[in-house]
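**Q** Pasting upload-v3.cif below, which is mmCIF, C-alpha atoms.
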data_input
#
loop_
_atom_site.label_atom_id
_atom_site.label_comp_id
_atom_site.auth_asym_id
_atom_site.auth_seq_id
_atom_site.Cartn_x
_atom_site.Cartn_y
_atom_site.Cartn_z
CA MET A 12 -138.48 -157.47 18.48
CA SER A 13 -140.81 -154.48 18.99
CA THR A 14 -139.54 -151.46 20.92
CA ARG A 15 -141.86 -152.40 23.76
CA GLU A 16 -140.32 -155.86 23.93
CA LYS A 17 -136.82 -154.41 23.83
CA VAL A 18 -137.67 -152.12 26.76
CA LEU A 19 -139.28 -154.98 28.70
CA SER A 20 -136.20 -157.12 28.22
CA LYS A 21 -134.17 -154.44 30.07
CA ILE A 22 -136.34 -154.67 33.19
CA SER A 23 -134.80 -157.97 34.26
CA ALA A 24 -131.38 -156.30 34.31
CA PHE A 25 -132.61 -153.54 36.62
CA PRO A 26 -131.03 -153.68 40.12
CA THR A 27 -132.87 -155.44 42.90
CA LEU A 28 -133.70 -153.53 46.04
CA PRO A 29 -132.15 -155.09 49.19
CA VAL A 30 -134.52 -157.46 51.05
CA MET A 31 -134.19 -155.07 53.98
CA ALA A 32 -136.60 -152.65 52.23
CA SER A 33 -139.45 -155.19 52.27
CA ARG A 34 -138.62 -156.18 55.83
CA LEU A 35 -138.87 -152.57 56.98
CA LEU A 36 -142.18 -152.11 55.16
CA ASN A 37 -143.54 -155.27 56.78
CA LEU A 38 -142.41 -154.14 60.22
CA LEU A 39 -144.08 -150.77 59.74
CA ASP A 40 -147.29 -152.48 58.64
CA ASP A 41 -147.28 -154.80 61.65
CA GLN A 42 -149.27 -153.33 64.55
CA ASP A 43 -147.23 -155.24 67.12
CA SER A 44 -143.77 -154.13 66.10
CA GLY A 45 -142.34 -150.85 67.32
CA ILE A 46 -139.24 -148.74 67.01
CA SER A 47 -137.09 -151.22 68.94
CA GLN A 48 -137.81 -154.01 66.44
CA ILE A 49 -136.95 -151.69 63.54
CA ALA A 50 -133.71 -150.63 65.25
CA GLU A 51 -132.91 -154.28 65.92
CA VAL A 52 -133.24 -155.16 62.21
CA ILE A 53 -131.23 -152.15 61.00
CA LYS A 54 -128.39 -152.89 63.45
CA TYR A 55 -127.40 -155.91 61.38
CA ASP A 56 -126.74 -153.78 58.30
CA PRO A 57 -123.55 -151.79 59.02
CA ALA A 58 -123.83 -149.40 56.04
CA LEU A 59 -127.43 -148.60 56.88
CA THR A 60 -126.56 -148.11 60.54
CA VAL A 61 -123.89 -145.59 59.58
CA ASN A 62 -126.36 -143.62 57.48
CA VAL A 63 -129.01 -143.58 60.20
CA LEU A 64 -126.47 -142.41 62.80
CA LYS A 65 -125.17 -139.70 60.45
CA ALA A 66 -128.73 -138.45 59.95
CA ALA A 67 -129.47 -138.56 63.68
CA ASN A 68 -126.46 -136.31 64.24
CA SER A 69 -127.13 -133.96 61.31
CA SER A 70 -127.34 -130.24 61.99
CA TYR A 71 -130.82 -130.11 60.40
CA LEU A 72 -132.26 -132.05 63.34
CA GLY A 73 -130.37 -129.75 65.69
CA PHE A 74 -129.60 -132.01 68.65
CA SER A 75 -126.55 -130.94 70.62
CA ARG A 76 -125.40 -134.30 71.96
CA GLU A 77 -124.06 -136.87 69.54
CA VAL A 78 -125.63 -140.34 69.44
CA SER A 79 -123.47 -143.35 68.72
CA SER A 80 -125.79 -146.34 68.86
CA MET A 81 -128.88 -147.44 66.92
CA THR A 82 -130.84 -147.69 70.17
CA GLU A 83 -130.09 -144.04 71.00
CA ALA A 84 -130.83 -142.95 67.42
CA ALA A 85 -134.15 -144.82 67.53
CA VAL A 86 -135.17 -143.00 70.72
CA ARG A 87 -134.11 -139.65 69.29
CA LEU A 88 -135.65 -139.95 65.84
CA GLY A 89 -138.70 -142.17 66.33
CA THR A 90 -140.16 -144.72 63.95
CA ASN A 91 -141.10 -142.34 61.14
CA TRP A 92 -137.68 -140.73 60.76
CA ILE A 93 -135.80 -144.00 61.15
CA PHE A 94 -137.93 -145.55 58.43
CA LYS A 95 -137.59 -142.57 56.06
CA ILE A 96 -133.82 -142.45 56.44
CA ALA A 97 -133.42 -146.22 56.13
CA ILE A 98 -135.65 -146.68 53.07
CA SER A 99 -134.19 -143.69 51.22
CA SER A 100 -130.68 -144.88 52.01
CA LEU A 101 -131.45 -148.37 50.66
CA ILE A 102 -133.00 -146.99 47.49
CA ASN A 103 -130.18 -144.48 47.07
CA SER A 104 -127.46 -147.10 47.29
CA SER A 105 -129.11 -149.53 44.89
CA VAL A 106 -131.08 -147.62 42.25
CA LYS A 107 -129.73 -144.06 42.17
CA LYS A 108 -128.94 -143.61 38.51
CA PRO A 109 -129.31 -140.96 35.80
CA ALA A 110 -132.16 -140.92 33.26
CA GLU A 111 -130.12 -139.72 30.35
CA GLY A 112 -132.68 -139.14 27.61
CA TYR A 113 -134.69 -136.97 30.00
CA ASP A 114 -131.63 -134.84 30.77
CA LEU A 115 -131.80 -135.87 34.42
CA SER A 116 -128.55 -136.58 36.24
CA ALA A 117 -128.64 -139.15 39.04
CA GLU A 118 -128.73 -136.22 41.47
CA ASP A 119 -131.58 -134.46 39.63
CA LEU A 120 -133.71 -137.60 39.63
CA TRP A 121 -132.86 -138.36 43.25
CA LYS A 122 -133.77 -134.85 44.32
CA HIS A 123 -137.07 -135.05 42.44
CA SER A 124 -137.83 -138.44 44.01
CA MET A 125 -137.06 -137.33 47.57
CA VAL A 126 -138.91 -134.01 47.33
CA THR A 127 -141.93 -135.86 45.91
CA ALA A 128 -141.79 -138.29 48.86
CA LEU A 129 -141.49 -135.50 51.43
CA THR A 130 -144.28 -133.52 49.70
CA ALA A 131 -146.47 -136.66 49.74
CA GLU A 132 -145.78 -136.95 53.45
CA ASN A 133 -146.74 -133.31 54.03
CA LEU A 134 -149.96 -133.77 52.03
CA CYS A 135 -150.80 -136.88 54.09
CA LYS A 136 -150.34 -134.87 57.30
CA MET A 137 -152.53 -132.02 56.07
CA LEU A 138 -155.24 -134.37 54.80
CA LYS A 139 -154.97 -136.70 57.83
CA ILE A 140 -154.17 -139.73 55.70
CA LYS A 141 -152.22 -142.43 57.50
CA ASP A 142 -149.16 -143.73 55.67
CA LYS A 143 -147.42 -146.86 56.87
CA GLY A 144 -144.39 -146.14 54.74
CA GLN A 145 -145.96 -147.31 51.48
CA ILE A 146 -146.85 -143.87 50.09
CA PHE A 147 -143.41 -142.50 51.02
CA THR A 148 -141.64 -145.47 49.41
CA ALA A 149 -143.80 -145.37 46.26
CA ALA A 150 -143.14 -141.65 45.94
CA ILE A 151 -139.35 -142.15 46.05
CA LEU A 152 -139.61 -144.87 43.41
CA HIS A 153 -142.30 -143.39 41.16
CA ASP A 154 -139.93 -142.33 38.35
CA MET A 155 -137.50 -145.26 38.34
CA GLY A 156 -138.96 -146.34 34.98
CA LYS A 157 -137.22 -143.27 33.53
CA ILE A 158 -133.85 -144.89 34.29
CA VAL A 159 -134.76 -147.81 32.00
CA LEU A 160 -136.53 -145.75 29.36
CA GLY A 161 -133.86 -143.01 29.31
CA GLU A 162 -131.61 -144.80 26.84
CA PHE A 163 -134.53 -145.49 24.48
CA ILE A 164 -135.75 -141.92 24.35
CA ALA A 165 -132.29 -140.34 24.15
CA ASP A 166 -132.26 -140.31 20.34
CA SER A 167 -135.94 -139.70 19.82
CA PHE A 168 -136.52 -137.07 22.50
CA ILE A 169 -137.17 -134.26 20.03
CA SER A 170 -139.70 -136.39 18.08
CA ILE A 171 -141.50 -137.31 21.31
CA LEU A 172 -141.56 -133.68 22.43
CA ARG A 173 -142.97 -132.68 19.02
CA ILE A 174 -145.77 -135.25 19.31
CA SER A 175 -146.51 -133.89 22.79
CA GLU A 176 -146.64 -130.31 21.49
CA ASP A 177 -148.48 -130.96 18.20
CA ASP A 178 -151.11 -133.24 19.69
CA GLN A 179 -151.30 -131.20 22.90
CA ILE A 180 -150.82 -134.30 25.02
CA PRO A 181 -148.69 -134.90 28.12
CA PHE A 182 -145.11 -136.00 27.54
CA GLU A 183 -145.72 -139.50 28.94
CA GLU A 184 -148.59 -140.05 26.47
CA ALA A 185 -146.30 -139.08 23.61
CA GLU A 186 -143.71 -141.41 25.09
CA LYS A 187 -146.23 -144.26 24.93
CA LYS A 188 -147.23 -143.38 21.35
CA PHE A 189 -143.62 -143.44 20.24
CA ILE A 190 -142.10 -146.27 22.29
CA GLU A 191 -145.29 -148.26 23.01
CA ILE A 192 -144.69 -148.08 26.76
CA ASP A 193 -144.26 -145.25 29.29
CA HIS A 194 -141.98 -144.85 32.31
CA ALA A 195 -144.85 -145.29 34.80
CA GLU A 196 -145.73 -148.75 33.47
CA ILE A 197 -142.06 -149.76 33.53
CA GLY A 198 -141.68 -148.54 37.13
CA GLY A 199 -144.77 -150.53 38.15
CA LEU A 200 -143.35 -153.67 36.52
CA ILE A 201 -140.05 -153.26 38.38
CA ALA A 202 -141.85 -152.86 41.73
CA GLN A 203 -143.92 -155.95 40.89
CA ARG A 204 -140.74 -157.89 40.17
CA TRP A 205 -139.47 -156.90 43.62
CA ASN A 206 -142.67 -158.40 45.09
CA PHE A 207 -143.62 -155.05 46.54
CA PRO A 208 -147.13 -154.59 48.02
CA PRO A 209 -149.78 -153.98 45.32
CA GLN A 210 -150.45 -150.49 46.73
CA ILE A 211 -146.88 -149.41 45.97
CA VAL A 212 -147.02 -150.98 42.50
CA GLU A 213 -150.28 -149.14 41.72
CA CYS A 214 -148.98 -145.78 43.02
CA ILE A 215 -145.99 -146.04 40.67
CA ARG A 216 -147.98 -147.44 37.73
CA PHE A 217 -150.64 -144.71 37.84
CA HIS A 218 -148.66 -141.72 39.06
CA HIS A 219 -149.41 -139.77 35.88
CA ASN A 220 -152.92 -141.10 35.37
CA PRO A 221 -154.60 -142.00 38.66
CA ASP A 222 -158.05 -142.15 37.04
CA ALA A 223 -156.98 -145.20 35.01
CA ALA A 224 -156.44 -147.33 38.13
CA ALA A 225 -159.11 -149.99 38.68
CA ASP A 226 -159.21 -149.10 42.35
CA VAL A 227 -158.20 -145.49 42.94
CA THR A 228 -156.85 -145.17 46.48
CA PRO A 229 -155.90 -141.95 48.30
CA ALA A 230 -152.29 -143.21 48.10
CA ILE A 231 -152.36 -143.11 44.28
CA ASP A 232 -153.86 -139.61 44.31
CA ILE A 233 -151.31 -138.37 46.88
CA VAL A 234 -148.30 -139.58 44.86
CA HIS A 235 -149.82 -138.07 41.71
CA ILE A 236 -150.38 -134.64 43.30
CA ALA A 237 -146.99 -134.60 45.05
CA ASP A 238 -145.26 -135.42 41.76
CA ALA A 239 -147.27 -132.75 39.90
CA LEU A 240 -146.30 -130.10 42.48
CA CYS A 241 -142.60 -130.96 42.23
CA LEU A 242 -142.71 -130.87 38.43
CA MET A 243 -144.53 -127.56 38.61
CA ALA A 244 -141.83 -126.15 40.89
CA ASP A 245 -139.30 -127.58 38.40
CA ILE A 246 -137.65 -129.88 40.91
CA GLY A 247 -136.14 -132.37 38.46
CA ALA A 248 -138.61 -131.75 35.63
CA GLY A 249 -135.86 -132.32 33.05
CA ARG A 250 -136.33 -131.67 29.35
CA ALA A 251 -140.01 -132.61 29.39
CA GLY A 252 -140.61 -129.49 31.51
CA LEU A 253 -144.14 -129.06 32.76
CA ARG A 254 -145.77 -131.08 29.95
CA HIS A 255 -147.81 -133.22 32.35
CA HIS A 256 -151.49 -133.33 33.10
CA PRO A 257 -152.67 -133.10 36.71
CA SER A 258 -155.92 -134.92 37.44
CA GLU A 259 -158.82 -132.75 38.51
CA ASN A 260 -160.46 -135.88 39.91
CA SER A 261 -157.55 -136.45 42.32
CA ILE A 262 -158.09 -132.94 43.66
CA LYS A 263 -161.81 -133.63 44.09
CA ARG A 264 -161.34 -137.06 45.66
CA LEU A 265 -158.87 -135.73 48.22
CA GLN A 266 -160.85 -132.49 48.65
CA ILE A 267 -157.73 -130.42 48.17
CA THR A 268 -158.21 -126.68 48.33
CA SER A 269 -156.03 -124.03 46.80
CA SER A 270 -154.56 -123.22 50.26
CA ILE A 271 -153.62 -126.85 50.91
CA LEU A 272 -151.88 -127.02 47.55
CA GLU A 273 -150.02 -123.76 48.17
CA LEU A 274 -149.03 -124.84 51.69
CA ALA A 275 -147.61 -128.04 50.22
CA VAL A 276 -145.60 -125.94 47.73
CA SER A 277 -144.38 -123.68 50.55
CA GLN A 278 -142.84 -126.74 52.25
CA ILE A 279 -140.69 -127.64 49.22
CA PRO A 280 -137.68 -125.44 50.19
CA ALA A 281 -137.53 -127.10 53.63
CA ALA A 282 -137.70 -130.51 51.94
CA LEU A 283 -134.78 -129.54 49.68
CA GLU A 284 -132.82 -128.37 52.70
CA SER A 285 -133.43 -131.61 54.60
CA ILE A 286 -132.20 -133.62 51.61
CA ASP A 287 -129.01 -131.57 51.50
CA ASP A 288 -128.44 -132.07 55.18
CA ILE A 289 -130.03 -135.21 56.63
CA PHE A 290 -129.41 -137.26 53.53
CA LYS A 291 -126.01 -135.71 52.88
CA GLU A 292 -124.22 -139.03 52.59
CA MET A 293 -126.11 -139.06 49.30
CA PRO A 294 -124.54 -136.03 47.62
CA VAL A 295 -126.88 -133.63 45.88
CA GLU A 296 -125.28 -131.89 42.93
CA GLN A 297 -124.91 -128.16 43.31
CA LEU A 298 -126.66 -126.23 40.61
CA ALA A 299 -124.06 -123.47 40.33
CA GLY A 300 -121.98 -123.46 37.20
CA ARG A 301 -124.47 -125.18 34.92
CA TRP A 302 -125.10 -122.16 32.76
CA MET B 4 -116.96 -113.32 37.10
CA PRO B 5 -118.57 -114.10 40.47
CA VAL B 6 -121.89 -115.85 39.95
CA ILE B 7 -124.44 -115.31 42.69
CA VAL B 8 -127.09 -118.03 42.66
CA VAL B 9 -130.57 -116.99 43.72
CA GLY B 10 -132.14 -120.14 45.14
CA ILE B 11 -135.84 -120.96 45.41
CA SER B 12 -137.55 -118.40 47.68
CA GLU B 13 -134.43 -116.27 47.81
CA MET B 14 -133.57 -112.74 46.71
CA LYS B 15 -130.14 -111.31 46.10
CA ILE B 16 -128.81 -107.85 45.30
CA SER B 17 -125.51 -106.52 44.01
CA ASN B 18 -123.86 -103.29 42.98
CA SER B 19 -120.60 -104.89 41.94
CA THR B 20 -120.13 -104.73 38.18
CA GLU B 21 -118.29 -108.05 38.25
CA ASP B 22 -121.31 -109.95 39.52
CA ILE B 23 -123.86 -112.05 37.70
CA LEU B 24 -127.13 -112.93 39.39
CA ILE B 25 -128.64 -116.20 38.23
CA THR B 26 -131.66 -118.30 39.13
CA TYR B 27 -132.32 -121.84 37.93
CA SER B 28 -135.39 -124.03 37.65
CA LEU B 29 -138.17 -121.52 37.10
CA GLY B 30 -141.30 -123.58 36.51
CA SER B 31 -144.46 -122.05 37.96
CA CYS B 32 -142.19 -119.87 40.10
CA ILE B 33 -141.29 -116.40 38.83
CA GLY B 34 -137.90 -114.75 38.60
CA VAL B 35 -137.92 -110.95 38.66
CA SER B 36 -134.86 -108.89 37.86
CA MET B 37 -134.51 -105.23 38.84
CA TYR B 38 -131.77 -102.97 37.49
CA ASP B 39 -130.85 -99.30 37.64
CA PRO B 40 -128.47 -98.58 34.72
CA VAL B 41 -127.07 -95.42 36.31
CA SER B 42 -126.22 -96.63 39.82
CA LYS B 43 -125.66 -100.17 38.47
CA ILE B 44 -127.66 -101.68 41.29
CA GLY B 45 -129.34 -104.97 40.46
CA GLY B 46 -131.56 -107.43 42.28
CA MET B 47 -133.26 -110.71 41.61
CA ILE B 48 -135.92 -112.80 43.34
CA HIS B 49 -137.17 -116.36 42.73
CA TYR B 50 -140.60 -116.55 44.39
CA MET B 51 -142.86 -119.61 44.50
CA LEU B 52 -146.28 -118.38 45.52
CA PRO B 53 -148.47 -115.31 45.08
CA LEU B 54 -149.69 -114.36 48.54
CA SER B 55 -148.18 -114.73 52.00
CA LYS B 56 -151.54 -114.97 53.78
CA ILE B 57 -151.43 -118.78 53.57
CA SER B 58 -148.50 -118.82 56.00
CA PRO B 59 -147.42 -115.57 57.72
CA GLU B 60 -144.81 -117.58 59.66
CA LYS B 61 -143.16 -118.78 56.46
CA ALA B 62 -143.33 -115.23 55.05
CA ALA B 63 -141.60 -113.88 58.17
CA ALA B 64 -138.82 -116.47 57.93
CA SER B 65 -138.53 -116.41 54.17
CA PRO B 66 -140.16 -113.30 52.58
CA GLY B 67 -138.75 -114.24 49.16
CA MET B 68 -141.12 -117.21 48.99
CA PHE B 69 -144.12 -114.98 48.19
CA ALA B 70 -144.67 -112.27 45.59
CA ASP B 71 -146.33 -109.83 47.99
CA THR B 72 -143.65 -109.93 50.70
CA GLY B 73 -140.67 -110.68 48.44
CA VAL B 74 -141.09 -108.26 45.55
CA THR B 75 -141.91 -105.35 47.86
CA THR B 76 -138.92 -106.15 50.10
CA LEU B 77 -136.62 -106.32 47.08
CA LEU B 78 -137.96 -103.01 45.75
CA LYS B 79 -137.39 -101.33 49.12
CA THR B 80 -133.88 -102.78 49.31
CA VAL B 81 -132.75 -101.59 45.87
CA PHE B 82 -134.26 -98.14 46.53
CA GLY B 83 -132.49 -98.09 49.91
CA MET B 84 -129.20 -98.78 48.14
CA GLY B 85 -129.74 -95.82 45.83
CA ALA B 86 -131.60 -97.15 42.80
CA ALA B 87 -134.06 -94.65 41.34
CA LYS B 88 -137.65 -95.67 40.72
CA ASP B 89 -137.94 -93.90 37.36
CA ARG B 90 -134.84 -95.68 36.06
CA LEU B 91 -135.60 -99.12 37.42
CA ILE B 92 -135.85 -101.79 34.70
CA ILE B 93 -138.02 -104.71 35.73
CA LYS B 94 -138.06 -107.99 33.83
CA ALA B 95 -139.84 -111.23 34.67
CA ALA B 96 -139.63 -114.86 33.63
CA GLY B 97 -141.32 -118.14 34.62
CA GLY B 98 -144.94 -118.64 35.60
CA SER B 99 -145.19 -121.85 33.58
CA LYS B 100 -148.11 -124.20 33.92
CA LEU B 101 -148.94 -127.88 33.76
CA LEU B 102 -151.15 -128.91 30.83
CA ASP B 103 -154.92 -128.35 31.04
CA GLN B 104 -154.63 -127.45 34.63
CA ASN B 105 -157.67 -126.65 36.70
CA SER B 106 -157.80 -123.49 38.77
CA VAL B 107 -156.20 -124.97 41.91
CA PHE B 108 -153.06 -125.84 39.99
CA ASN B 109 -152.90 -122.47 38.30
CA ILE B 110 -150.17 -121.12 40.57
CA GLY B 111 -147.94 -119.89 37.70
CA GLU B 112 -150.63 -117.61 36.33
CA ARG B 113 -151.59 -116.30 39.77
CA ASN B 114 -147.90 -115.66 40.43
CA TYR B 115 -147.70 -113.40 37.39
CA LEU B 116 -151.01 -111.61 38.05
CA ILE B 117 -149.91 -110.57 41.51
CA LEU B 118 -146.60 -109.25 40.17
CA ARG B 119 -148.45 -107.06 37.68
CA LYS B 120 -150.67 -105.81 40.49
CA ILE B 121 -147.72 -104.96 42.75
CA MET B 122 -145.93 -103.08 39.96
CA TRP B 123 -149.12 -101.26 38.98
CA LYS B 124 -149.66 -100.19 42.59
CA ASN B 125 -146.08 -98.93 42.77
CA ASN B 126 -146.43 -97.20 39.43
CA ILE B 127 -143.56 -99.16 37.86
CA LEU B 128 -143.66 -100.65 34.38
CA ILE B 129 -142.56 -104.21 33.67
CA LYS B 130 -140.22 -103.76 30.70
CA SER B 131 -140.21 -107.28 29.28
CA THR B 132 -141.32 -110.77 30.18
CA ASP B 133 -140.96 -114.38 29.19
CA VAL B 134 -143.81 -116.02 31.07
CA GLY B 135 -146.25 -118.91 30.63
CA GLY B 136 -146.09 -122.06 28.56
CA SER B 137 -145.02 -125.41 30.00
CA ILE B 138 -141.27 -124.93 29.98
CA SER B 139 -138.53 -124.54 32.54
CA ARG B 140 -136.31 -121.45 32.49
CA THR B 141 -133.07 -120.06 33.88
CA MET B 142 -132.72 -116.29 34.32
CA ARG B 143 -129.42 -114.38 34.38
CA LEU B 144 -128.65 -110.71 35.07
CA GLU B 145 -125.28 -109.06 34.42
CA ILE B 146 -124.71 -106.19 36.82
CA ALA B 147 -122.15 -104.51 34.53
CA THR B 148 -124.54 -104.18 31.58
CA GLY B 149 -128.02 -104.89 32.91
CA ASN B 150 -128.33 -107.55 30.27
CA VAL B 151 -130.95 -110.17 31.17
CA SER B 152 -130.97 -113.50 29.37
CA ILE B 153 -133.20 -116.52 29.58
CA LYS B 154 -132.08 -120.07 28.97
CA SER B 155 -134.68 -122.67 28.14
CA GLY B 156 -134.52 -125.99 26.31
CA GLY B 157 -130.87 -125.42 25.37
CA SER B 158 -131.31 -122.00 23.75
CA VAL B 159 -130.48 -118.61 25.19
CA THR B 160 -132.38 -115.42 24.39
CA ASN B 161 -132.03 -111.86 25.59
CA LEU B 162 -134.97 -110.45 27.47
#
Would you write the structure of this file as structure tokens?

**A**
Amino acid sequence: MSTREKVLSKISAFPTLPVMASRLLNLLDDQDSGISQIAEVIKYDPALTVNVLKAANSSYLGFSREVSSMTEAAVRLGTNWIFKIAISSLINSSVKKPAEGYDLSAEDLWKHSMVTALTAENLCKMLKIKDKGQIFTAAILHDMGKIVLGEFIADSFISILRISEDDQIPFEEAEKKFIEIDHAEIGGLIAQRWNFPPQIVECIRFHHNPDAAADVTPAIDIVHIADALCLMADIGAGRAGLRHHPSENSIKRLQITSSILELAVSQIPAALESIDDIFKEMPVEQLAGRW
Amino acid sequence: MPVIVVGISEMKISNSTEDILITYSLGSCIGVSMYDPVSKIGGMIHYMLPLSKISPEKAAASPGMFADTGVTTLLKTVFGMGAAKDRLIIKAAGGSKLLDQNSVFNIGERNYLILRKIMWKNNILIKSTDVGGSISRTMRLEIATGNVSIKSGGSVTNL
């Protein structure tokens, strides 16, 4: 069996995302459904309801009166927040895992995923791109291939890094040279297996190389740029560091200026804070004491 | 020994010889340490961006996010505590970059250029640096000794 085949055989053992995730995405995509329909669906999942209520009452959102029902939470938070909290909670409870070979704990990878999603959302706002939850979801999931590939690169990390340095190529290209597959392709295959919308699959598949997509959409470019900014700010960059190649074409296609990019970076601390607070039922490891 | 963590966009100071100032995850961001060996006053900042003009509101709420507002504030603070300008030892680390980046992505390099400009304007030398490349760094300053060390890729070096 080739290494590629060995890696592919692991994909079938990867956890499945609860059906609720697809239902929420469908509801968001449906013009006719509103916040009350979303609240109605969430109400039937007790764990999810608890998480949404916790978030609605978090100090980050700063409301003084406590809400105790989904209907109240829906009114307080609105569709966008309810969706973000619900989808991240579903992903967190099913696929939050470490990517060992990359030196990324489950918390590191989760933090990177969430900050990428929130940065993608901020970029969408600044560029007036409408996201019906697909870009946000793809951004949270973009690196899940690392969870599968982690065990394969654990022993060969140094060799892969050397290829990346000697050939002056991004880490993921060296990964592909060495293991015959990279984490982006694996992530795309997992999303495909979940029957996720093609747009989400493509965003994950091409998050390091948007120019290789047959049909480059703004969504693919947004996830790529958001990921690049988080890696640059070393939010969960892991051992591969900043050895990634941002696409100049993505910048041109989205007409991103230096100020837009810097504004997106300036919103990263607030994103980190919201993860610590709103999503606190998903503990984020404290960095202190790692020296 | 009490470890004081300097988070992203933060700055911290100490004159307690038991303290260690530390900042993690320096990618394109820059960590600057300041230390007066006589008064044993030390400070550290972890800034993300070069200039505050892109968001004066953010700079007002969080001056440590930008080099121009943060580094000057930290300088004023350590001087206010009694550090002397002619004794102040400045060290810097970070400013990494993504591979083959175009100019828009070149935040790490711009971050370092503006630091040099601020120090030049204030007539202060930067004693040593570990900047650039595509690596992540952790910076640590011991208030008792002024020793600054950098951890990257599992190895620790003195700066």

**Q** Expand the PyMOL selection byres ((chain B) within 8 of (chain A)) into the explicit residue set it covers here, and present it as a PyMOL selection string.

**A** chain B and resi 6+8+11-12+27-32+51-52+57-58+61+68+99-105+107-108+137-139+156

**Q** Which residue out of B:Ile92, B:Leu162, B:Ile153, B:Ile117 has the minimum interatomic distance to Phe69 (chain B) when only C-alpha atoms are used?

**A**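 Using only C-alpha atoms, Phe69 (chain B) sits closest to B:Ile117.
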
**Q** Separation of CA of Ala195 (chain A) and CA of Arg216 (chain A), in Å?

**A**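 Distance reported for this atom pair: 4.8 Å.
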
**Q** Rounded to one decimal, what separation in Å do you get between CA of Val35 (chain B) and CA of Asp119 (chain A)?

**A**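 Interatomic distance, CA of Val35 (chain B) to CA of Asp119 (chain A): 24.4 Å.
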
**Q** For the file shown, what are the residues hit by the PyMOL selection byres ((chain B and resi 49) around 6), laid out as a PDB file with C-alpha atoms, in the frame of the given file?

**A**
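Written file, expr-v1.pdb:
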ATOM      1  CA  ILE B  11    -135.840-120.960  45.410  1.00  0.00           C
ATOM      2  CA  SER B  12    -137.550-118.400  47.680  1.00  0.00           C
ATOM      3  CA  GLU B  13    -134.430-116.270  47.810  1.00  0.00           C
ATOM      4  CA  ILE B  33    -141.290-116.400  38.830  1.00  0.00           C
ATOM      5  CA  GLY B  34    -137.900-114.750  38.600  1.00  0.00           C
ATOM      6  CA  ILE B  48    -135.920-112.800  43.340  1.00  0.00           C
ATOM      7  CA  TYR B  50    -140.600-116.550  44.390  1.00  0.00           C
TER       8      TYR B  50
END

**Q** Please list as a PyMOL selection string every residue within 6 Å of region 70-72 of chain B, counting all atoms listed in the file and excluding residues in the same chain fewer than 3 positions away.

**A** chain B and resi 53-54+66+75

**Q** Fewer than 3 positions away in the same chain doesn't count, so skip those; otherwise give me all residues within 7 Å of Pro229 (chain A), counting only C-alpha atoms, as a list in words.

**A**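 So the residues in contact are Asp232, Ile233 and Leu265 of chain A.
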
**Q** Edge lengths and centre in Å to one decimal, as AutoDock Vina command-line options, is what I'm after for the box along x, y and z that holds all listed atoms of region 17-20 of chain B once 3 Å is added on each side.

**A**
--center_x -122.8 --center_y -104.9 --center_z 41.1 --size_x 11.4 --size_y 9.2 --size_z 11.8

**Q** Between CA of Ile151 (chain A) and CA of Arg264 (chain A), what is the spacing in Å?

**A**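 Answer for the CA of Arg264 (chain A) to CA of Ile151 (chain A) separation: 22.6 Å.
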
**Q** Would you list the contacts of Ile231 (chain A) as a PyMOL selection string, taking every protein, DNA or RNA residue within 7 Å and counting all atoms listed in the file, but skipping same-chain residues closer than 2 positions in sequence?

**A** chain A and resi 213-214+217-218+221+227-229+233-235

**Q** What does the PyMOL selection byres ((chain A and resi 140) around 12) select in this file, as a PyMOL selection string?

**A** chain A and resi 131-139+141-146+228-230+232-233+265

**Q** Hey, which of B:Ile16, B:Leu78, B:Ile7, B:Ile25 ends up closest to Ile121 (chain B)? Count only C-alpha atoms.

**A**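 Nearest to Ile121 (chain B): B:Leu78.
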